[in-house]
Amino acid sequence: MKRFLASFSVLLAFAAPTFAQTRALPPGEIRANGDITFGNALKLGKREGNKTVITPDTLQILGPGSTGPADNFSVGGAMLRDVTPSILSRLTPAQIADVRSGAGSLDVSDAIIAALNSCTAGGPPPTVQFPAGRYRVTKELVAQTCTVNIVLDAGADIFLGAGFTPNATTYNFGIFRFMPSAKGSSIRGPGTIDGNRGALIDAYLATPRSVQGNGLYVQRDFWSCIHIDATPDVTIDGVKLKNCMTFGIVHFAGDRARLRNIVVTDSSAILNSISSFNTSIADFAGYNIGNSVNGKAIPSFTYPFGVGDCYSCTVSNISIKGSYYLAYDGTSSSKGTRIGDPYSAGFALQRLYNTTITGLSASGFSTTLPGQSAPDARATQAAWGVNCDNCYDTTITNTNFQGYYWGALLAGSRVTFTNFVIDGQYNVAPYPGAESAFGIKTNPSGQIRAFFNSDSTFDHYSNKNSDNIIVSNGTVTRTGDGVSLASSNVSLSNIRSIGNKSGGFAFWGNASNISYPGSAPFPVDNVNLSGLYSAYNGGGGFTWNTGTNHRGSNLVSLNNGQESFLTNISAGFFWNAGFGGDKRNISISDWTAEDTQNRAYTTKVSFVPGTSQGKRTLIASNSSELSIGQRIKLKAAGPSGADITAKIIDITDDIMGIETAAGAAFDGTGCAATNLSGTVTYPGSSNLLNGTGTSFLSQIKGPVYLLLNGGYYKVGSVVSDTVLQLDSVPPGAISGASASYRQCGIEGIRSQNYGVQLPASSDISDVSLGAASSQRAKGNVTANISAATASLADDWTLYTANITFVDGTGVTVGDRQSRYRVEGKDLCVNGYAQIGYSAAPTLFNVFLPSGFAAGAMGGSLTGANTTTRNRLLGVAVNGDTGVSMIPITGSLMGGSGQYVQYGGCVALQ
């Protein structure tokens, strides 16, 4: 059916141009298929239901009274040219072809700059869209006229091409740069901005640089992929940044920035955000971050992620995986010119105010550069996970730092650091020494120099102590000191410090003998400790080098003193006489000090014998009863069945990493051998080993390395009596072979010599130790309390203890000293006695001071101590569960005439 359009024909006749020869159009019609035509002469479009779609080949409306060019039509308040904003509309056909082909050989800088600044007075902000393609630029793309919205489509790649020549004016350079007049601008992904630093490194390094920092440094630049230059309300969302010469993003003095969903790879740093208010930074990921390209050193700041001078800001969900920094350029025979700091930080946070930070994670810090096999002498030798210096009213929560020399450094006022995991992975050497590393450290405010001052020196220090720092709910392992305090007014709670190279918790202070240059000495005063667990650390569980007005409760020290070079401070609770500063007015209640290691463990280990090296991997049948940081004996694991002493440096499920003296040989022939019954067959094409006449379920106890045809293969699981699943397989088929394995036993090594070691010293006074039932040391420690008379509060009274023995023969008591005092409703005693014997005693009893029988001197004693013998505590070999005892083992009391120390409290009625 056809419908004629007479009136429409008349309308078009008036609008038709004049041709060389006048022609009449056929009648208009709508055909059965919906086409709108004038016969076969002209087709305008199509009728679709109640809608007419006009699709002319070419349409242009000109002349007086017309609407003008079509690109100025207004559509819903926006200009038509802004509805179709592709940058391709501004490029030449050759440039478009170059972009679409991915060649990136033609410069498109001028077209992009014009588009970024194509503002219309009173009109909406222009949008510049980059379709998929590769766009080469050789100029800084500066938005400086008005707000502009940039959209990088998937597959869009804007890269800085060769031909860009840096000069002295490009120290603050960005491929995209926003000036203050571009307030409210944005870049949205998912496209990519590529700094192309591999191709431009030589030109960059050729740029003349000034010497700064009292001659310590050359000029370090802000040559970034995106530079926000005092521009408020900028949004960067969802873009990928790579190969940026220095920073992925430099954000300088622009309030209310929204920076989120950013991935930065192969660049010197991720972000440097300085001087802003109410900025939000979220969901960043950085990979392979460092300032070296092809072995050449880029002058840069040595931290991947920096935020400073930020007021009321939020930072969340930031991850760094892999970072490295060169501090020297290597141009001379020594390390060369200083281009960065000799240490770095994963997260450099300075001068933050009322800021919340959550979800920081960093791992993979290395002094070995990409492509190298050994550490580089030019590299920074140590790094922080996070450095929060001069922070105020700042909360940092949910953090995870792996493999950093220092975990977290905190300084300022009202700083909270909570919900953390810090694992140094024993990455604590070679600078400046294992004992100087730490998992968490509090410092005086401003103790470490400013990262954000381009004219950095090492003498920017504060004369103000930090205050109100709260650290809680986390774990610190495999670093130097687990938690180290060098400032006052600190609260520590619910922290586990395990397997650290030095101590568990240490109170160092900042006295004159350990201060930084230019700093004032600060004590460690007013500290609250609660719910702290210190275990398997190299030195003491809790070490006071300085500190006054400390209060502690529910403190546990277990099996510390693991490092032989720290045996002089291997007590559970240790006061270091004459070192650091005054140690006064310290009250510890509810404490426990145990050493439970001097025994054989049920764990058995299997390994491939014969390898001589410092570090090895074992598989353990029950690794849950062992700990990182623990020193053990591998029984009969060495040549001729000798024991090997090792330190556990890693435990993951049944895999246990150990470290021994370099070159320690693992023979294993002295370990118990199990020869499997029957024979085994391996088909050569799976991970299953089949048995004939075998009893795998009963004969294989735990994971083992199976010796088969001269090779060792790890058993993953026992499927049945006749089927094994292997984690590692033989190189070829095996038929009818015999198989066996060896497992070595493990023995613990006693390490924590004292429960409490409190020597006499003029700088130690007014120390109070504990509640009645919870202060006793347990296990194999040499003594409960080793304390000089003058070191405790001065109300101790000397008396001659009445010591008797049970089930012992030929026992004598030589030199002795005992003291007592009343603490509230508790009677406390400590002392020592020299014991001689001809047959080892099972128990000796220490009687109470004269006058403390029932009903005398303020009341009778309670509980088990009201027996007729009135014994307070004793020392047992075979154990006497009727009273609290300190067991003495043969290794501790190996000869007549040894001293035994004792102490404890009982309750008075």
# chains A, B, ... in the order shown; residues from 1 in each chain; ligands from 1
call {"tool": "residues_around", "arguments": {"residues": "Arg197 of chain A", "least_positions_apart": "2", "cutoff": "7 Å", "atoms": "only C-alpha atoms", "output": "tab-separated table (two decimals) with all heavy atoms, in the first residue's frame"}}
result
chain	number	residue	atom	x	y	z
A	195	GLY	N	53.90	7.13	30.34
A	195	GLY	CA	55.00	8.09	30.38
A	195	GLY	C	56.19	7.69	29.53
A	195	GLY	O	57.09	8.51	29.31
A	199	ALA	N	62.03	5.03	26.85
A	199	ALA	CA	62.54	5.71	25.66
A	199	ALA	C	63.07	7.10	25.96
A	199	ALA	O	63.89	7.63	25.21
A	199	ALA	CB	61.43	5.81	24.61
A	200	LEU	N	62.61	7.70	27.08
A	200	LEU	CA	62.94	9.10	27.36
A	200	LEU	C	63.95	9.27	28.48
A	200	LEU	O	64.29	10.40	28.82
A	200	LEU	CB	61.66	9.86	27.71
A	200	LEU	CG	60.56	9.88	26.65
A	200	LEU	CD1	59.33	10.59	27.17
A	200	LEU	CD2	61.07	10.56	25.38
A	201	ILE	N	64.45	8.18	29.05
A	201	ILE	CA	65.31	8.29	30.21
A	201	ILE	C	66.58	9.08	29.93
A	201	ILE	O	67.02	9.90	30.75
A	201	ILE	CB	65.66	6.88	30.76
A	201	ILE	CG1	66.56	6.96	31.98
A	201	ILE	CG2	66.27	6.00	29.69
A	201	ILE	CD1	65.91	7.59	33.17
A	243	ASN	N	54.77	3.48	33.25
A	243	ASN	CA	56.05	4.04	32.78
A	243	ASN	C	56.16	5.53	33.07
A	243	ASN	O	56.73	6.29	32.28
A	243	ASN	CB	56.24	3.78	31.28
A	243	ASN	CG	56.21	2.32	30.94
A	243	ASN	OD1	56.82	1.50	31.62
A	243	ASN	ND2	55.47	1.96	29.89
A	244	CYS	N	55.59	5.99	34.19
A	244	CYS	CA	55.68	7.40	34.55
A	244	CYS	C	57.07	7.67	35.10
A	244	CYS	O	57.58	6.90	35.93
A	244	CYS	CB	54.61	7.75	35.58
A	244	CYS	SG	52.93	7.32	35.07
A	245	MET	N	57.70	8.75	34.66
A	245	MET	CA	59.09	9.00	35.01
A	245	MET	C	59.28	9.10	36.51
A	245	MET	O	60.18	8.48	37.08
A	245	MET	CB	59.59	10.27	34.33
A	245	MET	CG	61.10	10.44	34.41
A	245	MET	SD	62.02	9.21	33.44
A	245	MET	CE	61.69	9.79	31.77
call {"tool": "select_by_dssp", "arguments": {"residues": "segment 650-792 of chain A", "states": "helix (DSSP H, G or I)", "output": "PyMOL selection string"}}
result
chain A and resi 696-699+789-791
call {"tool": "write_last_selection", "arguments": {"atoms": "C-alpha atoms", "output": "mmCIF file, in the first residue's frame"}}
result
data_model
loop_
_atom_site.group_PDB
_atom_site.id
_atom_site.type_symbol
_atom_site.label_atom_id
_atom_site.label_comp_id
_atom_site.auth_asym_id
_atom_site.auth_seq_id
_atom_site.Cartn_x
_atom_site.Cartn_y
_atom_site.Cartn_z
ATOM 1 C CA PHE A 696 50.879 -47.051 52.847
ATOM 2 C CA LEU A 697 48.152 -46.069 55.336
ATOM 3 C CA SER A 698 49.942 -47.601 58.293
ATOM 4 C CA GLN A 699 53.554 -47.091 57.241
ATOM 5 C CA THR A 789 67.660 -6.038 97.047
ATOM 6 C CA ALA A 790 67.892 -2.382 96.136
ATOM 7 C CA SER A 791 66.199 -2.730 92.775
#
call {"tool": "closest_residue", "arguments": {"among": "A:Ser466, A:Ser497, A:Ser472, A:Thr694", "to": "Asn419 of chain A", "atoms": "only C-alpha atoms"}}
result
A:Ser472
call {"tool": "atom_distance", "arguments": {"atom1": "atom CA of Gln350 of chain A", "atom2": "atom CA of Arg414 of chain A"}}
result
14.1 Å
call {"tool": "residues_around", "arguments": {"residues": "Ser768 of chain A", "least_positions_apart": "2", "cutoff": "7 Å", "atoms": "only C-alpha atoms", "output": "list in words"}}
result
Ile586, Ser587, Ile588, Asp766 and Gly770 of chain A
call {"tool": "write_last_selection", "arguments": {"atoms": "N, CA, C and O atoms", "output": "PDB file, in the first residue's frame"}}
result
ATOM      1  N   ILE A 586      57.197   1.562  87.925  1.00  0.00           N
ATOM      2  CA  ILE A 586      56.670   0.614  86.927  1.00  0.00           C
ATOM      3  C   ILE A 586      55.920  -0.492  87.671  1.00  0.00           C
ATOM      4  O   ILE A 586      56.489  -1.167  88.530  1.00  0.00           O
ATOM      5  N   SER A 587      54.664  -0.656  87.341  1.00  0.00           N
ATOM      6  CA  SER A 587      53.821  -1.639  88.017  1.00  0.00           C
ATOM      7  C   SER A 587      53.292  -2.631  87.001  1.00  0.00           C
ATOM      8  O   SER A 587      52.593  -2.251  86.053  1.00  0.00           O
ATOM      9  N   ILE A 588      53.643  -3.914  87.182  1.00  0.00           N
ATOM     10  CA  ILE A 588      53.211  -4.965  86.267  1.00  0.00           C
ATOM     11  C   ILE A 588      52.386  -5.986  87.057  1.00  0.00           C
ATOM     12  O   ILE A 588      52.857  -6.551  88.040  1.00  0.00           O
ATOM     13  N   ASP A 766      61.261   1.597  92.477  1.00  0.00           N
ATOM     14  CA  ASP A 766      59.793   1.567  92.545  1.00  0.00           C
ATOM     15  C   ASP A 766      59.194   0.680  91.461  1.00  0.00           C
ATOM     16  O   ASP A 766      58.310   1.096  90.712  1.00  0.00           O
ATOM     17  N   GLY A 770      53.334  -7.687  90.451  1.00  0.00           N
ATOM     18  CA  GLY A 770      52.242  -8.488  90.371  1.00  0.00           C
ATOM     19  C   GLY A 770      51.291  -8.986  91.363  1.00  0.00           C
ATOM     20  O   GLY A 770      51.487  -8.930  92.544  1.00  0.00           O
TER      21      GLY A 770
END
call {"tool": "atom_distance", "arguments": {"atom1": "atom CA of Gly614 of chain A", "atom2": "atom CA of Phe401 of chain A"}}
result
25.8 Å
call {"tool": "residues_around", "arguments": {"residues": "Pro126 of chain A", "least_positions_apart": "3", "cutoff": "8 Å", "atoms": "only C-alpha atoms", "output": "MDAnalysis selection string"}}
result
chainID A and resid 82 85 115:116 118:119 147:149
call {"tool": "atom_distance", "arguments": {"atom1": "atom CA of Arg496 of chain A", "atom2": "atom CA of Phe438 of chain A"}}
result
13.7 Å
call {"tool": "select_by_dssp", "arguments": {"residues": "segment 160-403 of chain A", "states": "strand (DSSP E or B)", "output": "JSON, numbers by chain"}}
result
{"A": [160, 162, 164, 172, 173, 174, 175, 176, 177, 178, 186, 187, 188, 192, 193, 194, 211, 212, 217, 218, 222, 223, 224, 225, 226, 227, 228, 229, 235, 236, 237, 240, 241, 242, 247, 248, 249, 250, 251, 252, 258, 259, 260, 261, 262, 263, 264, 265, 269, 270, 271, 272, 273, 274, 275, 276, 277, 280, 281, 282, 283, 284, 285, 286, 287, 288, 289, 290, 292, 293, 296, 297, 305, 306, 307, 308, 309, 310, 311, 314, 315, 316, 317, 318, 319, 320, 321, 322, 323, 324, 326, 328, 338, 343, 344, 345, 346, 347, 348, 349, 350, 351, 352, 353, 356, 357, 358, 359, 360, 361, 362, 363, 364, 365, 379, 382, 383, 384, 385, 386, 387, 388, 389, 390, 391, 392, 393, 394, 395, 396, 397, 398, 399, 400, 401, 402]}
call {"tool": "residues_around", "arguments": {"residues": "segment 630-644 of chain A", "least_positions_apart": "4", "cutoff": "7 Å", "atoms": "only C-alpha atoms", "output": "PDB file with N, CA and C atoms, in the first residue's frame"}}
result
ATOM      1  N   GLY A 499      58.633 -14.233  67.155  1.00  0.00           N
ATOM      2  CA  GLY A 499      59.713 -14.618  66.247  1.00  0.00           C
ATOM      3  C   GLY A 499      60.508 -13.466  65.692  1.00  0.00           C
ATOM      4  N   TYR A 536      59.089 -16.385  71.453  1.00  0.00           N
ATOM      5  CA  TYR A 536      60.090 -16.861  70.499  1.00  0.00           C
ATOM      6  C   TYR A 536      60.871 -15.717  69.856  1.00  0.00           C
ATOM      7  N   GLN A 562      65.839 -16.405  72.019  1.00  0.00           N
ATOM      8  CA  GLN A 562      66.199 -17.408  71.014  1.00  0.00           C
ATOM      9  C   GLN A 562      67.540 -17.130  70.334  1.00  0.00           C
ATOM     10  N   ILE A 648      63.905 -21.764  63.051  1.00  0.00           N
ATOM     11  CA  ILE A 648      62.757 -21.817  62.147  1.00  0.00           C
ATOM     12  C   ILE A 648      62.477 -20.408  61.627  1.00  0.00           C
ATOM     13  N   ALA A 665      75.885 -29.526  56.893  1.00  0.00           N
ATOM     14  CA  ALA A 665      75.532 -30.640  56.017  1.00  0.00           C
ATOM     15  C   ALA A 665      74.390 -31.438  56.623  1.00  0.00           C
ATOM     16  N   PHE A 666      73.439 -31.815  55.777  1.00  0.00           N
ATOM     17  CA  PHE A 666      72.300 -32.624  56.209  1.00  0.00           C
ATOM     18  C   PHE A 666      72.476 -34.029  55.632  1.00  0.00           C
ATOM     19  N   ASP A 667      72.965 -34.908  56.457  1.00  0.00           N
ATOM     20  CA  ASP A 667      73.171 -36.272  56.027  1.00  0.00           C
ATOM     21  C   ASP A 667      71.897 -37.087  56.226  1.00  0.00           C
ATOM     22  N   GLY A 668      71.348 -37.038  57.436  1.00  0.00           N
ATOM     23  CA  GLY A 668      70.090 -37.704  57.722  1.00  0.00           C
ATOM     24  C   GLY A 668      70.177 -39.197  57.908  1.00  0.00           C
ATOM     25  N   THR A 669      71.365 -39.784  57.750  1.00  0.00           N
ATOM     26  CA  THR A 669      71.457 -41.246  57.847  1.00  0.00           C
ATOM     27  C   THR A 669      71.272 -41.743  59.276  1.00  0.00           C
ATOM     28  N   GLY A 670      71.381 -40.816  60.241  1.00  0.00           N
ATOM     29  CA  GLY A 670      71.157 -41.212  61.618  1.00  0.00           C
ATOM     30  C   GLY A 670      69.703 -41.151  62.027  1.00  0.00           C
ATOM     31  N   CYS A 671      68.859 -40.619  61.166  1.00  0.00           N
ATOM     32  CA  CYS A 671      67.441 -40.505  61.483  1.00  0.00           C
ATOM     33  C   CYS A 671      66.738 -41.840  61.279  1.00  0.00           C
ATOM     34  N   CYS A 744      63.420 -37.311  61.006  1.00  0.00           N
ATOM     35  CA  CYS A 744      64.246 -36.924  62.149  1.00  0.00           C
ATOM     36  C   CYS A 744      63.379 -36.299  63.230  1.00  0.00           C
ATOM     37  N   GLY A 745      63.745 -36.529  64.460  1.00  0.00           N
ATOM     38  CA  GLY A 745      63.032 -35.922  65.572  1.00  0.00           C
ATOM     39  C   GLY A 745      63.494 -34.495  65.816  1.00  0.00           C
ATOM     40  N   ILE A 746      62.707 -33.761  66.606  1.00  0.00           N
ATOM     41  CA  ILE A 746      63.018 -32.371  66.948  1.00  0.00           C
ATOM     42  C   ILE A 746      63.014 -32.221  68.461  1.00  0.00           C
ATOM     43  N   GLU A 747      64.010 -31.498  68.959  1.00  0.00           N
ATOM     44  CA  GLU A 747      64.110 -31.208  70.381  1.00  0.00           C
ATOM     45  C   GLU A 747      64.206 -29.707  70.562  1.00  0.00           C
ATOM     46  N   GLY A 748      63.489 -29.186  71.547  1.00  0.00           N
ATOM     47  CA  GLY A 748      63.547 -27.760  71.838  1.00  0.00           C
ATOM     48  C   GLY A 748      64.790 -27.392  72.620  1.00  0.00           C
ATOM     49  N   ILE A 749      65.149 -26.132  72.582  1.00  0.00           N
ATOM     50  CA  ILE A 749      66.326 -25.623  73.288  1.00  0.00           C
ATOM     51  C   ILE A 749      65.863 -24.556  74.273  1.00  0.00           C
TER      52      ILE A 749
END
call {"tool": "closest_residue", "arguments": {"among": "A:Ala760, A:Val234, A:Ile320, A:Ile470", "to": "Asp266 of chain A", "atoms": "only C-alpha atoms"}}
result
A:Ile320
